[in-house]
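Participant: My structure is in start02.txt, and what it holds is compact mmCIF, N, CA and C atoms and all ligand atoms:
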# COMPACT_ATOMS: atom_id res chain seq x y z
N MET A 1 17.80 -82.42 15.29
CA MET A 1 17.44 -83.81 15.46
C MET A 1 18.67 -84.63 15.86
N THR A 2 19.01 -84.61 17.13
CA THR A 2 20.17 -85.38 17.58
C THR A 2 19.76 -86.68 18.25
N ALA A 3 18.53 -86.80 18.66
CA ALA A 3 18.11 -87.99 19.41
C ALA A 3 18.31 -89.29 18.63
N PRO A 4 17.96 -89.36 17.34
CA PRO A 4 18.17 -90.62 16.62
C PRO A 4 19.64 -91.02 16.56
N VAL A 5 20.53 -90.02 16.41
CA VAL A 5 21.96 -90.33 16.36
C VAL A 5 22.41 -90.90 17.70
N LEU A 6 21.96 -90.28 18.78
CA LEU A 6 22.33 -90.79 20.09
C LEU A 6 21.79 -92.20 20.29
N ALA A 7 20.56 -92.43 19.81
CA ALA A 7 19.99 -93.77 19.95
C ALA A 7 20.81 -94.79 19.18
N ALA A 8 21.34 -94.38 18.03
CA ALA A 8 22.13 -95.31 17.24
C ALA A 8 23.46 -95.61 17.92
N ARG A 9 23.98 -94.65 18.69
CA ARG A 9 25.24 -94.89 19.39
C ARG A 9 25.05 -95.74 20.62
N ARG A 10 23.87 -95.69 21.20
CA ARG A 10 23.61 -96.49 22.40
C ARG A 10 22.47 -97.46 22.12
N PRO A 11 22.63 -98.35 21.17
CA PRO A 11 21.51 -99.21 20.78
C PRO A 11 21.04 -100.11 21.91
N ALA A 12 21.95 -100.53 22.77
CA ALA A 12 21.53 -101.42 23.86
C ALA A 12 20.74 -100.66 24.91
N GLY A 13 20.71 -99.32 24.80
CA GLY A 13 19.95 -98.53 25.76
C GLY A 13 18.49 -98.41 25.39
N ASP A 14 18.07 -99.10 24.37
CA ASP A 14 16.68 -99.06 23.93
C ASP A 14 15.97 -100.32 24.40
N PRO A 15 15.38 -100.30 25.59
CA PRO A 15 14.76 -101.52 26.14
C PRO A 15 13.66 -102.06 25.24
N ALA A 16 12.88 -101.19 24.62
CA ALA A 16 11.80 -101.66 23.75
C ALA A 16 12.37 -102.38 22.53
N GLY A 17 13.44 -101.83 21.98
CA GLY A 17 14.07 -102.46 20.82
C GLY A 17 14.65 -103.82 21.18
N VAL A 18 15.27 -103.90 22.34
CA VAL A 18 15.83 -105.17 22.80
C VAL A 18 14.71 -106.18 23.00
N LYS A 19 13.63 -105.75 23.62
CA LYS A 19 12.49 -106.64 23.85
C LYS A 19 11.92 -107.15 22.53
N ASN A 20 11.81 -106.25 21.54
CA ASN A 20 11.29 -106.66 20.23
C ASN A 20 12.22 -107.67 19.56
N LEU A 21 13.53 -107.43 19.67
CA LEU A 21 14.49 -108.37 19.06
C LEU A 21 14.34 -109.75 19.67
N LEU A 22 14.23 -109.80 20.98
CA LEU A 22 14.12 -111.09 21.66
C LEU A 22 12.79 -111.76 21.32
N ALA A 23 11.72 -110.98 21.30
CA ALA A 23 10.40 -111.55 21.01
C ALA A 23 10.32 -112.07 19.58
N SER A 24 11.04 -111.43 18.67
CA SER A 24 11.00 -111.84 17.27
C SER A 24 11.90 -113.04 16.99
N GLY A 25 12.75 -113.38 17.96
CA GLY A 25 13.65 -114.51 17.77
C GLY A 25 14.88 -114.15 16.96
N LEU A 26 15.09 -112.86 16.69
CA LEU A 26 16.24 -112.42 15.91
C LEU A 26 17.50 -112.35 16.76
N ALA A 27 17.33 -112.40 18.07
CA ALA A 27 18.48 -112.40 18.99
C ALA A 27 18.13 -113.30 20.16
N ARG A 28 19.17 -113.74 20.85
CA ARG A 28 18.94 -114.61 22.01
C ARG A 28 19.24 -113.83 23.28
N ALA A 29 18.53 -114.18 24.32
CA ALA A 29 18.75 -113.54 25.61
C ALA A 29 19.88 -114.26 26.36
N CYS A 30 20.64 -113.48 27.09
CA CYS A 30 21.67 -114.04 27.95
C CYS A 30 20.99 -114.84 29.06
N ARG A 31 21.62 -115.93 29.45
CA ARG A 31 21.06 -116.76 30.52
C ARG A 31 20.83 -115.94 31.79
N TYR A 32 21.66 -114.92 32.00
CA TYR A 32 21.59 -114.15 33.24
C TYR A 32 20.83 -112.83 33.08
N ALA A 33 20.12 -112.69 31.97
CA ALA A 33 19.34 -111.46 31.76
C ALA A 33 18.37 -111.26 32.93
N GLY A 34 18.41 -110.09 33.50
CA GLY A 34 17.51 -109.76 34.59
C GLY A 34 17.99 -110.22 35.95
N THR A 35 19.10 -110.94 36.02
CA THR A 35 19.59 -111.40 37.31
C THR A 35 20.92 -110.77 37.69
N ARG A 36 21.70 -110.34 36.70
CA ARG A 36 22.98 -109.70 36.99
C ARG A 36 22.91 -108.24 36.57
N PRO A 37 23.37 -107.34 37.43
CA PRO A 37 23.27 -105.92 37.09
C PRO A 37 24.09 -105.51 35.87
N ASP A 38 25.21 -106.20 35.62
CA ASP A 38 26.04 -105.81 34.47
C ASP A 38 25.72 -106.61 33.21
N CYS A 39 24.69 -107.43 33.26
CA CYS A 39 24.31 -108.23 32.09
C CYS A 39 23.77 -107.30 31.00
N GLN A 40 24.20 -107.56 29.77
CA GLN A 40 23.76 -106.73 28.63
C GLN A 40 22.55 -107.32 27.92
N VAL A 41 21.99 -108.39 28.45
CA VAL A 41 20.75 -109.02 27.99
C VAL A 41 20.90 -109.75 26.66
N LEU A 42 21.44 -109.08 25.64
CA LEU A 42 21.56 -109.72 24.32
C LEU A 42 22.81 -110.59 24.28
N ALA A 43 22.62 -111.85 23.90
CA ALA A 43 23.73 -112.80 23.90
C ALA A 43 24.71 -112.51 22.78
N ALA A 44 26.00 -112.70 23.09
CA ALA A 44 27.07 -112.49 22.11
C ALA A 44 27.73 -113.81 21.73
N VAL A 45 27.54 -114.83 22.57
CA VAL A 45 28.19 -116.12 22.33
C VAL A 45 27.30 -117.21 22.91
N ARG A 46 27.42 -118.39 22.35
CA ARG A 46 26.69 -119.50 22.95
C ARG A 46 27.61 -120.71 23.06
N TYR A 47 27.34 -121.50 24.07
CA TYR A 47 28.01 -122.77 24.29
C TYR A 47 26.91 -123.82 24.25
N GLY A 48 26.74 -124.46 23.12
CA GLY A 48 25.59 -125.35 22.96
C GLY A 48 24.33 -124.52 23.04
N GLN A 49 23.44 -124.86 23.97
CA GLN A 49 22.20 -124.10 24.13
C GLN A 49 22.34 -122.93 25.09
N LEU A 50 23.48 -122.85 25.77
CA LEU A 50 23.72 -121.78 26.74
C LEU A 50 24.16 -120.51 26.03
N ALA A 51 23.38 -119.45 26.14
CA ALA A 51 23.70 -118.17 25.50
C ALA A 51 24.11 -117.17 26.56
N LEU A 52 25.17 -116.41 26.28
CA LEU A 52 25.69 -115.43 27.23
C LEU A 52 26.00 -114.11 26.53
N CYS A 53 25.79 -113.01 27.26
CA CYS A 53 26.25 -111.72 26.76
C CYS A 53 27.76 -111.63 27.05
N ALA A 54 28.40 -110.60 26.51
CA ALA A 54 29.85 -110.49 26.65
C ALA A 54 30.31 -110.41 28.11
N PRO A 55 29.71 -109.54 28.93
CA PRO A 55 30.16 -109.48 30.33
C PRO A 55 29.94 -110.80 31.08
N CYS A 56 28.82 -111.44 30.85
CA CYS A 56 28.56 -112.71 31.53
C CYS A 56 29.50 -113.79 31.00
N ASP A 57 29.87 -113.71 29.72
CA ASP A 57 30.83 -114.67 29.16
C ASP A 57 32.19 -114.49 29.83
N GLN A 58 32.57 -113.24 30.10
CA GLN A 58 33.85 -113.00 30.76
C GLN A 58 33.86 -113.53 32.19
N ARG A 59 32.68 -113.52 32.82
CA ARG A 59 32.59 -114.00 34.21
C ARG A 59 32.36 -115.51 34.28
N ARG A 60 32.20 -116.15 33.12
CA ARG A 60 31.89 -117.57 33.08
C ARG A 60 33.04 -118.37 33.71
N SER A 61 32.69 -119.33 34.55
CA SER A 61 33.72 -120.18 35.14
C SER A 61 33.68 -121.57 34.50
N THR A 62 32.84 -122.45 35.00
CA THR A 62 32.79 -123.80 34.45
C THR A 62 31.56 -124.04 33.59
N LEU A 63 30.67 -123.07 33.57
CA LEU A 63 29.44 -123.20 32.78
C LEU A 63 29.78 -123.35 31.30
N GLY A 64 29.30 -124.39 30.68
CA GLY A 64 29.56 -124.61 29.26
C GLY A 64 30.95 -125.11 28.96
N LYS A 65 31.68 -125.47 30.01
CA LYS A 65 33.07 -125.93 29.82
C LYS A 65 33.08 -127.20 28.97
N GLY A 66 34.00 -127.26 28.03
CA GLY A 66 34.11 -128.42 27.15
C GLY A 66 33.30 -128.26 25.88
N THR A 67 32.42 -127.28 25.83
CA THR A 67 31.63 -127.02 24.63
C THR A 67 32.27 -125.84 23.89
N PRO A 68 32.58 -125.98 22.63
CA PRO A 68 33.22 -124.87 21.92
C PRO A 68 32.28 -123.68 21.79
N PRO A 69 32.80 -122.47 22.02
CA PRO A 69 31.96 -121.27 21.90
C PRO A 69 31.64 -120.96 20.44
N VAL A 70 30.43 -120.47 20.21
CA VAL A 70 30.01 -120.02 18.89
C VAL A 70 29.65 -118.54 19.02
N SER A 71 30.40 -117.68 18.32
CA SER A 71 30.08 -116.26 18.35
C SER A 71 28.77 -116.01 17.62
N LEU A 72 27.92 -115.19 18.21
CA LEU A 72 26.65 -114.84 17.58
C LEU A 72 26.81 -113.50 16.88
N PRO A 73 26.09 -113.27 15.78
CA PRO A 73 26.16 -111.96 15.13
C PRO A 73 25.69 -110.88 16.10
N ASP A 74 26.37 -109.74 16.05
CA ASP A 74 26.09 -108.66 17.00
C ASP A 74 24.66 -108.13 16.81
N PRO A 75 23.77 -108.38 17.77
CA PRO A 75 22.38 -107.94 17.61
C PRO A 75 22.23 -106.43 17.65
N ARG A 76 23.28 -105.73 18.12
CA ARG A 76 23.19 -104.27 18.15
C ARG A 76 23.08 -103.70 16.74
N ALA A 77 23.61 -104.43 15.74
CA ALA A 77 23.48 -103.96 14.36
C ALA A 77 22.00 -103.90 13.95
N LEU A 78 21.21 -104.86 14.42
CA LEU A 78 19.78 -104.85 14.11
C LEU A 78 19.09 -103.70 14.85
N LEU A 79 19.55 -103.42 16.07
CA LEU A 79 18.98 -102.29 16.81
C LEU A 79 19.31 -100.98 16.11
N GLN A 80 20.49 -100.91 15.50
CA GLN A 80 20.86 -99.70 14.77
C GLN A 80 19.97 -99.53 13.53
N ILE A 81 19.63 -100.64 12.88
CA ILE A 81 18.71 -100.55 11.75
C ILE A 81 17.36 -100.02 12.21
N ALA A 82 16.88 -100.55 13.34
CA ALA A 82 15.59 -100.09 13.86
C ALA A 82 15.64 -98.62 14.23
N ALA A 83 16.76 -98.18 14.83
CA ALA A 83 16.89 -96.77 15.21
C ALA A 83 16.93 -95.88 13.97
N ALA A 84 17.63 -96.33 12.93
CA ALA A 84 17.69 -95.56 11.69
C ALA A 84 16.33 -95.51 11.01
N ARG A 85 15.61 -96.63 11.05
CA ARG A 85 14.25 -96.66 10.50
C ARG A 85 13.36 -95.65 11.23
N ASP A 86 13.44 -95.66 12.56
CA ASP A 86 12.65 -94.73 13.35
C ASP A 86 13.02 -93.28 13.02
N ALA A 87 14.33 -93.03 12.85
CA ALA A 87 14.78 -91.68 12.51
C ALA A 87 14.25 -91.26 11.15
N CYS A 88 14.22 -92.19 10.19
CA CYS A 88 13.68 -91.88 8.86
C CYS A 88 12.19 -91.54 8.95
N GLN A 89 11.46 -92.31 9.76
CA GLN A 89 10.03 -92.05 9.91
C GLN A 89 9.79 -90.69 10.57
N GLN A 90 10.60 -90.36 11.57
CA GLN A 90 10.47 -89.06 12.23
C GLN A 90 10.81 -87.93 11.26
N ALA A 91 11.86 -88.13 10.46
CA ALA A 91 12.25 -87.11 9.50
C ALA A 91 11.18 -86.92 8.44
N ALA A 92 10.56 -88.02 7.99
CA ALA A 92 9.50 -87.93 7.00
C ALA A 92 8.31 -87.17 7.57
N ALA A 93 7.98 -87.46 8.83
CA ALA A 93 6.86 -86.75 9.47
C ALA A 93 7.18 -85.27 9.62
N ALA A 94 8.42 -84.96 9.99
CA ALA A 94 8.83 -83.56 10.14
C ALA A 94 8.79 -82.84 8.80
N LEU A 95 9.19 -83.54 7.73
CA LEU A 95 9.16 -82.94 6.40
C LEU A 95 7.73 -82.64 5.97
N HIS A 96 6.84 -83.59 6.20
CA HIS A 96 5.43 -83.37 5.84
C HIS A 96 4.86 -82.20 6.64
N ALA A 97 5.19 -82.13 7.91
CA ALA A 97 4.68 -81.03 8.74
C ALA A 97 5.23 -79.69 8.27
N ALA A 98 6.51 -79.67 7.90
CA ALA A 98 7.12 -78.42 7.44
C ALA A 98 6.52 -77.96 6.12
N VAL A 99 6.27 -78.90 5.23
CA VAL A 99 5.66 -78.54 3.94
C VAL A 99 4.25 -78.01 4.18
N ALA A 100 3.50 -78.68 5.06
CA ALA A 100 2.13 -78.22 5.34
C ALA A 100 2.14 -76.81 5.92
N ARG A 101 3.09 -76.56 6.83
CA ARG A 101 3.22 -75.23 7.45
C ARG A 101 3.57 -74.18 6.39
N ALA A 102 4.50 -74.53 5.51
CA ALA A 102 4.89 -73.59 4.45
C ALA A 102 3.71 -73.28 3.54
N ARG A 103 2.94 -74.30 3.22
CA ARG A 103 1.77 -74.08 2.36
C ARG A 103 0.73 -73.22 3.07
N GLN A 104 0.52 -73.47 4.37
CA GLN A 104 -0.45 -72.66 5.12
C GLN A 104 0.00 -71.21 5.18
N ASP A 105 1.33 -71.01 5.21
CA ASP A 105 1.87 -69.66 5.26
C ASP A 105 1.83 -68.97 3.90
N GLY A 106 1.41 -69.72 2.88
CA GLY A 106 1.24 -69.11 1.57
C GLY A 106 2.35 -69.35 0.58
N HIS A 107 3.31 -70.20 0.92
CA HIS A 107 4.38 -70.50 -0.05
C HIS A 107 3.80 -71.38 -1.15
N PRO A 108 4.15 -71.07 -2.40
CA PRO A 108 3.62 -71.86 -3.53
C PRO A 108 4.33 -73.21 -3.64
N TRP A 109 3.70 -74.12 -4.35
CA TRP A 109 4.29 -75.45 -4.58
C TRP A 109 5.64 -75.32 -5.29
N SER A 110 5.78 -74.29 -6.11
CA SER A 110 7.05 -74.12 -6.83
C SER A 110 8.20 -73.83 -5.85
N ALA A 111 7.90 -73.12 -4.76
CA ALA A 111 8.94 -72.85 -3.75
C ALA A 111 9.29 -74.13 -3.00
N VAL A 112 8.27 -74.92 -2.67
CA VAL A 112 8.52 -76.21 -2.00
C VAL A 112 9.37 -77.09 -2.91
N ALA A 113 9.02 -77.13 -4.20
CA ALA A 113 9.76 -77.95 -5.16
C ALA A 113 11.20 -77.46 -5.30
N ALA A 114 11.40 -76.15 -5.28
CA ALA A 114 12.75 -75.60 -5.42
C ALA A 114 13.64 -76.02 -4.24
N ILE A 115 13.05 -76.03 -3.05
CA ILE A 115 13.83 -76.43 -1.86
C ILE A 115 14.13 -77.93 -1.91
N LEU A 116 13.15 -78.73 -2.30
CA LEU A 116 13.31 -80.19 -2.26
C LEU A 116 14.06 -80.73 -3.48
N GLY A 117 14.11 -79.96 -4.54
CA GLY A 117 14.77 -80.43 -5.74
C GLY A 117 13.86 -81.35 -6.53
N GLY A 118 12.95 -80.81 -7.23
CA GLY A 118 12.02 -81.61 -8.02
C GLY A 118 11.06 -80.66 -8.71
N THR A 119 10.07 -81.25 -9.32
CA THR A 119 9.09 -80.41 -10.01
C THR A 119 7.98 -80.01 -9.05
N ARG A 120 7.29 -78.91 -9.41
CA ARG A 120 6.16 -78.45 -8.62
C ARG A 120 5.10 -79.55 -8.54
N GLN A 121 4.88 -80.20 -9.69
CA GLN A 121 3.85 -81.24 -9.73
C GLN A 121 4.23 -82.42 -8.83
N ALA A 122 5.49 -82.80 -8.83
CA ALA A 122 5.93 -83.91 -7.98
C ALA A 122 5.77 -83.57 -6.50
N ALA A 123 6.13 -82.33 -6.14
CA ALA A 123 5.98 -81.90 -4.74
C ALA A 123 4.51 -81.90 -4.34
N GLN A 124 3.67 -81.42 -5.24
CA GLN A 124 2.23 -81.36 -4.94
C GLN A 124 1.65 -82.76 -4.79
N GLN A 125 2.07 -83.66 -5.69
CA GLN A 125 1.55 -85.02 -5.60
C GLN A 125 2.01 -85.71 -4.32
N ARG A 126 3.24 -85.39 -3.90
CA ARG A 126 3.79 -86.07 -2.71
C ARG A 126 3.20 -85.53 -1.42
N PHE A 127 2.97 -84.22 -1.38
CA PHE A 127 2.63 -83.60 -0.09
C PHE A 127 1.23 -83.04 0.00
N ALA A 128 0.46 -83.04 -1.08
CA ALA A 128 -0.90 -82.52 -0.97
C ALA A 128 -1.65 -83.34 0.06
N SER A 129 -2.53 -82.71 0.82
CA SER A 129 -3.19 -83.39 1.93
C SER A 129 -3.86 -84.67 1.46
N GLY A 130 -3.75 -85.67 2.31
CA GLY A 130 -4.31 -86.97 1.97
C GLY A 130 -3.27 -87.91 1.41
N HIS A 131 -2.10 -87.38 1.05
CA HIS A 131 -1.03 -88.22 0.52
C HIS A 131 0.12 -88.26 1.51
N ARG A 132 0.94 -89.35 1.41
CA ARG A 132 2.14 -89.44 2.24
C ARG A 132 3.37 -89.52 1.38
ZN ZN A 201 24.48 -111.49 30.54
Once you've parsed the file, please lay out its structure as structure tokens.

Facilitator:
Amino acid sequence: MTAPVLAARRPAGDPAGVKNLLASGLARACRYAGTRPDCQVLAAVRYGQLALCAPCDQRRSTLGKGTPPVSLPDPRALLQIAAARDACQQAAAALHAAVARARQDGHPWSAVAAILGGTRQAAQQRFASGHR
């Protein structure tokens, strides 16, 4: 399972996550989102109401001049939370599938419990069909 780790390293590469962040109002879009090829979409700084991503801020000339910049919290941290959440959900689904496969193959609940570190009853309650 390397995909979630890669996603966490490249959080801005998740267009759906970026779209969700912007739609939820948890991050602001750069003024040049969708118009400049090097725009990173998620704003890193604002000058009054003008929000810019880091590359667009570096290219800024007179736009927002005279207005003090306000650094915005890095929205990539929120994307990393979403990526980690998704990885946890995938891992939980993989664990349930593996337990189901082991049970179908005839492994007893005590073996599942021994691998997971818990009691047979706890493993059965957690993974018996119909439970999550
Ligand atoms: Zn930009």

Participant: Going by DSSP on the backbone, which bits of chain A are alpha helix (DSSP H)? Write them as number ranges by chain, please.

Facilitator: A: 3-9, 15-24, 54-59, 76-104, 109-116, 120-127

Participant: Mind dumping a table of every chain A residue within 8 Å of ligand ZN 201 (chain A), with the nearest atom pair and its distance in Å to one decimal, using all atoms listed in the file, sorted by chain and rising number, as a tab-separated table?

Facilitator:
residue	atom	partner	partner_atom	distance
A:Ala29	C	A:ZN201	ZN	6.8
A:Cys30	CA	A:ZN201	ZN	4.6
A:Arg31	N	A:ZN201	ZN	5.4
A:Tyr32	C	A:ZN201	ZN	4.6
A:Ala33	N	A:ZN201	ZN	4.7
A:Gly34	N	A:ZN201	ZN	6.9
A:Thr35	N	A:ZN201	ZN	7.7
A:Arg36	N	A:ZN201	ZN	6.9
A:Asp38	C	A:ZN201	ZN	5.7
A:Cys39	CA	A:ZN201	ZN	3.6
A:Gln40	N	A:ZN201	ZN	4.0
A:Val41	N	A:ZN201	ZN	4.5
A:Leu42	N	A:ZN201	ZN	6.2
A:Ala43	CA	A:ZN201	ZN	6.8
A:Ala44	N	A:ZN201	ZN	7.7
A:Ala51	C	A:ZN201	ZN	6.9
A:Leu52	C	A:ZN201	ZN	5.0
A:Cys53	N	A:ZN201	ZN	3.8
A:Ala54	N	A:ZN201	ZN	5.7
A:Pro55	C	A:ZN201	ZN	5.5
A:Cys56	N	A:ZN201	ZN	4.4
A:Asp57	N	A:ZN201	ZN	5.9

Participant: Atom CA of Ala91 of chain A and atom CA of Leu79 of chain A, how far apart in Å?

Facilitator: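 One can read the atom CA of Leu79 of chain A to atom CA of Ala91 of chain A distance as 18.1 Å.
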
Participant: Using DSSP assignments from the backbone, pull out every residue in chain A that falls under strand (DSSP E or B) and give it to me as number ranges by chain.

Facilitator: A: 29, 42, 45-47, 50-52, 69-71

Participant: Do you have the atom N of Phe127 of chain A-atom CA of Ala93 of chain A distance handy?

Facilitator: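 Distance reported for this atom pair: 11.8 Å.
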
Participant: Atom C of Arg28 of chain A to atom C of Leu72 of chain A: how many Å, to one decimal?

Facilitator: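 Separation of atom C of Arg28 of chain A and atom C of Leu72 of chain A: 9.9 Å.
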
Participant: Using only C-alpha atoms, pick whichever of A:Gly117, A:Arg103, A:Pro108, A:Cys88 has the shortest atom-to-atom distance to Ser129 of chain A.

Facilitator: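 Counting only C-alpha atoms, the residue closest to Ser129 of chain A is A:Arg103.
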
Participant: Tell me which of A:Val70, A:Leu95, A:Leu22, A:Ala100 sits closest to Arg46 of chain A, counting only C-alpha atoms.

Facilitator: A:Val70

Participant: From the set A:Gly48, A:Pro69, A:Pro75, A:Pro37, which residue has the shortest atom-to-atom contact distance to Leu21 of chain A, counting only C-alpha atoms?

Facilitator: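 Once distances to Leu21 of chain A are computed over only C-alpha atoms, the minimum belongs to A:Pro75.
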